[in-house]
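Peer 1: First, the structure itself, so that you have it in front of you.
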Amino acid sequence: MPMDPQEVLSLCKRRGFLWPSFDIYGGMAGMYDFGPLGVTLKNNIENHWRRLYVLQEGFVELMCPLVSPEPVFKASGHLDTFSDMYVECTKCGETYRADHLAKGLHENPATLGEGELGQLLRENGVKCASCRGELTDPKRFNLMFKTMVGAGKAKPGYLRPETAQGMFVNFEQVYRLGREKLPVGAVQVGTSFRNEISPRQGLIRLREFHQMEAELFVDPDDKTWPRFDSVKGERLLLFANTGETKELTLEQAVRDKVIVNEVLAYFMWLTHRFALDVGLDPSKMRFRQHERTEMAHYASDCWDLEAELGYGWVELVGVADRGCYDLSAHIKHSDADLTAFQRFDEPKEVEHEAVKVKFDVMGKMFKGDTKTVAEALSSMPVESLKGAKEVTVHAGGRSFQVPSECFEVSMRKEKVTGRKFVPHVIEPAYGVDRILYAVLEHAYSKSAKDGEDYVTLKLKGLVAPFKAGVFPLMARDGLDDIASAIQASLSEAGMHTYYDDAGSIGRRYARMDEVGTPCCITVDYQSKDDGTVTIRDRDSSEQRRVKKENVILAVTRLVSGAGLKALEGL
RNA sequence: GCGGCUGUAGUCUAGUGGUUAGGACUGAAGCUUCCCAAGCUUCAAGCCCGGGUUCGAAUCCCGGCAGCCGCACCA
């Protein structure tokens, strides 16, 4: 039975995980405040992710500004493709994507400006599809928040719609700091912004949200990953865009070309691993391959990790092979050298056919155009020049007839010490808020106790905000002193705990169950006699006695999911 | 952004154009040597915001904001 998200969100507010922002001023759609438990849960999720990507896989972490100058998004394509033009019906108010209406009227309507597009629609007499009413002029709506940086001659700036660009524009630094070797990867964990038209569904579509993105720069001719072998027998459930659904080992998936390459497969596996670690239910998870039409045009393959939630199947993570698109775009717009260089073991003598321009002949013929023509000629494929009496060269918007006296094609020897290339990018992009919500929903468990609903959040110890509750059975007779000392020792050991001496013991257990605390320590009268305390496991609600000096060890074991039997001898 | 539905303490909810908006849970203080939301006493907390109609509006109307559903959107 699907969970009602309202119920989960209600618990989130009640217990201090998160709630809609700016409530006292009427609220603002698409914005959420994180409360004490939500912040801790988010930190725990993010830190585990760092453990995998930074510690285990060796990515380096960056932190870049949220506000970026316009050229960044001109290069990335966000300025053009992230903004859509709309027209509205003046009669019934229906809105349409202007470029969709212009389909068939122009070969590429997406390239037109507001004015041109408006004119095109008017000339062709396009009317509202539902009521035949007149349409307004196209209006641009960009999903990026715009601002101005500085006063006076202020420059436009945009709140970043993804963290990825920070890694791309810093490729030179990342490559250099990685000692100029590939593969090299960078990650960024932080806030991004999209001015969504209609935010919906709680944490699923926010205007201000959190991402954990990794950009792995690889040699296009070597899309392998050193740790692949250790996981190649692991299985993933794959919904391919061919319509087939298969459970395959990573090795099979790569061999059968279901997944385009090894490194992509590896990071899909790592994503799966991460999802299990933070407590997502494997029976409500799948990888879905993007349809060819849905994939960005430059991507060679893209898979989403989806989770089944009360909202349906929701994308949590996208793992894409983005080819050389991002770095090439920044090379083109910035003129920076965002390439990698692979030195050969031995320099190679390479012989190849090359065009040699005879400037003496050409200069007399083309005068001031010589340079332009020569450059264009040199960049033409050698095959098209060989044996030709005359070739047509297009340069500077003009055509030139160049006779063969002006050049010759000959073998040329070159010493090549290595190859220079634009790395390809493998991008695993995680949506923190969606993952956090999915973790909560998958952990949400309701049972009947004395005819009433009893809610337990079965969070993994790894992500649980509190690792243990610490209670004196009675807040007197010295039980409270013992309990306080135990809490202090757990804090010192780095564990976030919750001390509670109020109300009945069952109520205190219930409070902890509802926020997913894996275990509770209770100091009772026996503790005074023999120095033991009880430790209760959340999911079974059973308890064991352990010596109070072993409490840290006991909590550590329960948090790691070892179960009560791991407490033998403590 | 469009259309439909909705908005009462932290949560769930009752409510009639008319006195002090009712209940449950939660929360707080206390009592009860008290291990699974027990019991008792006391307390705190609410009509989304702004206009209008009316002698009088939580209730009717309009606008805004927010939520849900559908459409559109989701590089």
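We label chains A, B, ... in the order they appear in the structure tokens, count residues from 1 in each chain, and number ligands from 1 in the order shown.
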Residues of chain B within 12 Å of chain A, counting only C-alpha atoms (C1' of nucleotides) - could you list those as a PyMOL selection string?

Peer 2: chain B and resi 1-3+7+10-12+25-39+48-50+64-69+71-75

Peer 1: Could those residues be written to a file, using C-alpha atoms (C1' of nucleotides), as a PDB file, in the first residue's frame?

Peer 2:
```
ATOM      1  C1'   G B   1       0.742  29.381 -15.243  1.00  0.00           C
ATOM      2  C1'   C B   2      -4.585  27.292 -16.074  1.00  0.00           C
ATOM      3  C1'   G B   3      -8.788  24.404 -13.949  1.00  0.00           C
ATOM      4  C1'   G B   7      -7.419  25.848   4.592  1.00  0.00           C
ATOM      5  C1'   G B  10       2.319  21.323  17.070  1.00  0.00           C
ATOM      6  C1'   U B  11      -0.925  17.040  14.901  1.00  0.00           C
ATOM      7  C1'   C B  12      -5.880  15.006  13.745  1.00  0.00           C
ATOM      8  C1'   C B  25      -3.470  13.283  20.724  1.00  0.00           C
ATOM      9  C1'   U B  26       1.026  15.911  21.547  1.00  0.00           C
ATOM     10  C1'   G B  27       3.535  19.536  24.786  1.00  0.00           C
ATOM     11  C1'   A B  28       4.641  21.818  29.903  1.00  0.00           C
ATOM     12  C1'   A B  29       4.376  21.537  35.581  1.00  0.00           C
ATOM     13  C1'   G B  30       3.272  18.125  39.471  1.00  0.00           C
ATOM     14  C1'   C B  31       1.770  13.320  42.020  1.00  0.00           C
ATOM     15  C1'   U B  32       2.388   8.040  41.592  1.00  0.00           C
ATOM     16  C1'   U B  33      10.130   3.184  43.122  1.00  0.00           C
ATOM     17  C1'   C B  34       7.035   3.626  36.943  1.00  0.00           C
ATOM     18  C1'   C B  35      10.393  -0.824  31.620  1.00  0.00           C
ATOM     19  C1'   C B  36       6.966   0.049  26.653  1.00  0.00           C
ATOM     20  C1'   A B  37       2.451   6.388  24.451  1.00  0.00           C
ATOM     21  C1'   A B  38      -1.022   3.848  31.940  1.00  0.00           C
ATOM     22  C1'   G B  39      -3.650   6.998  35.621  1.00  0.00           C
ATOM     23  C1'   C B  48      -4.264  31.285   6.658  1.00  0.00           C
ATOM     24  C1'   C B  49      -3.999  36.800   5.359  1.00  0.00           C
ATOM     25  C1'   G B  50      -6.673  41.201   3.508  1.00  0.00           C
ATOM     26  C1'   G B  64      -4.067  37.138  -2.082  1.00  0.00           C
ATOM     27  C1'   C B  65      -1.128  33.201   0.082  1.00  0.00           C
ATOM     28  C1'   A B  66      -0.530  28.038   0.911  1.00  0.00           C
ATOM     29  C1'   G B  67      -1.728  22.725   0.186  1.00  0.00           C
ATOM     30  C1'   C B  68      -3.792  18.553  -2.698  1.00  0.00           C
ATOM     31  C1'   C B  69      -5.392  16.588  -7.621  1.00  0.00           C
ATOM     32  C1'   C B  71      -3.102  19.832 -17.418  1.00  0.00           C
ATOM     33  C1'   A B  72       1.354  22.218 -18.705  1.00  0.00           C
ATOM     34  C1'   C B  73       6.451  22.411 -17.043  1.00  0.00           C
ATOM     35  C1'   C B  74      10.506  19.431 -14.901  1.00  0.00           C
ATOM     36  C1'   A B  75      18.112  21.653 -19.272  1.00  0.00           C
TER      37        A B  75
END
```

Peer 1: Can you tell me which residues surround A58 of chain B at a distance of at most 12 Å, considering only C-alpha atoms (C1' of nucleotides), apart from same-chain residues fewer than 3 positions away, and format the answer as a ChimeraX atom specification?

Peer 2: /B:7-8,15-17,21,46-48

Peer 1: As an exercise, work out the distance from atom CA of Asn195 of chain A to atom CA of Thr147 of chain A in Å and give it to one decimal place.

Peer 2: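 We find that atom CA of Asn195 of chain A and atom CA of Thr147 of chain A lie 12.7 Å from each other.
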
Peer 1: Report, in Å with one decimal, the straight-line distance from atom CA of Phe59 of chain A to atom CA of Val187 of chain A.

Peer 2: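 Straight-line distance from atom CA of Phe59 of chain A to atom CA of Val187 of chain A works out to 6.4 Å.
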
Peer 1: Just the strand (DSSP E) stuff from segment 52-196 of chain A, please, per backbone DSSP, written as a ChimeraX atom specification.

Peer 2: /A:60-62,67-69,83-88,95-97,139-142,146-149,155-159,184-193
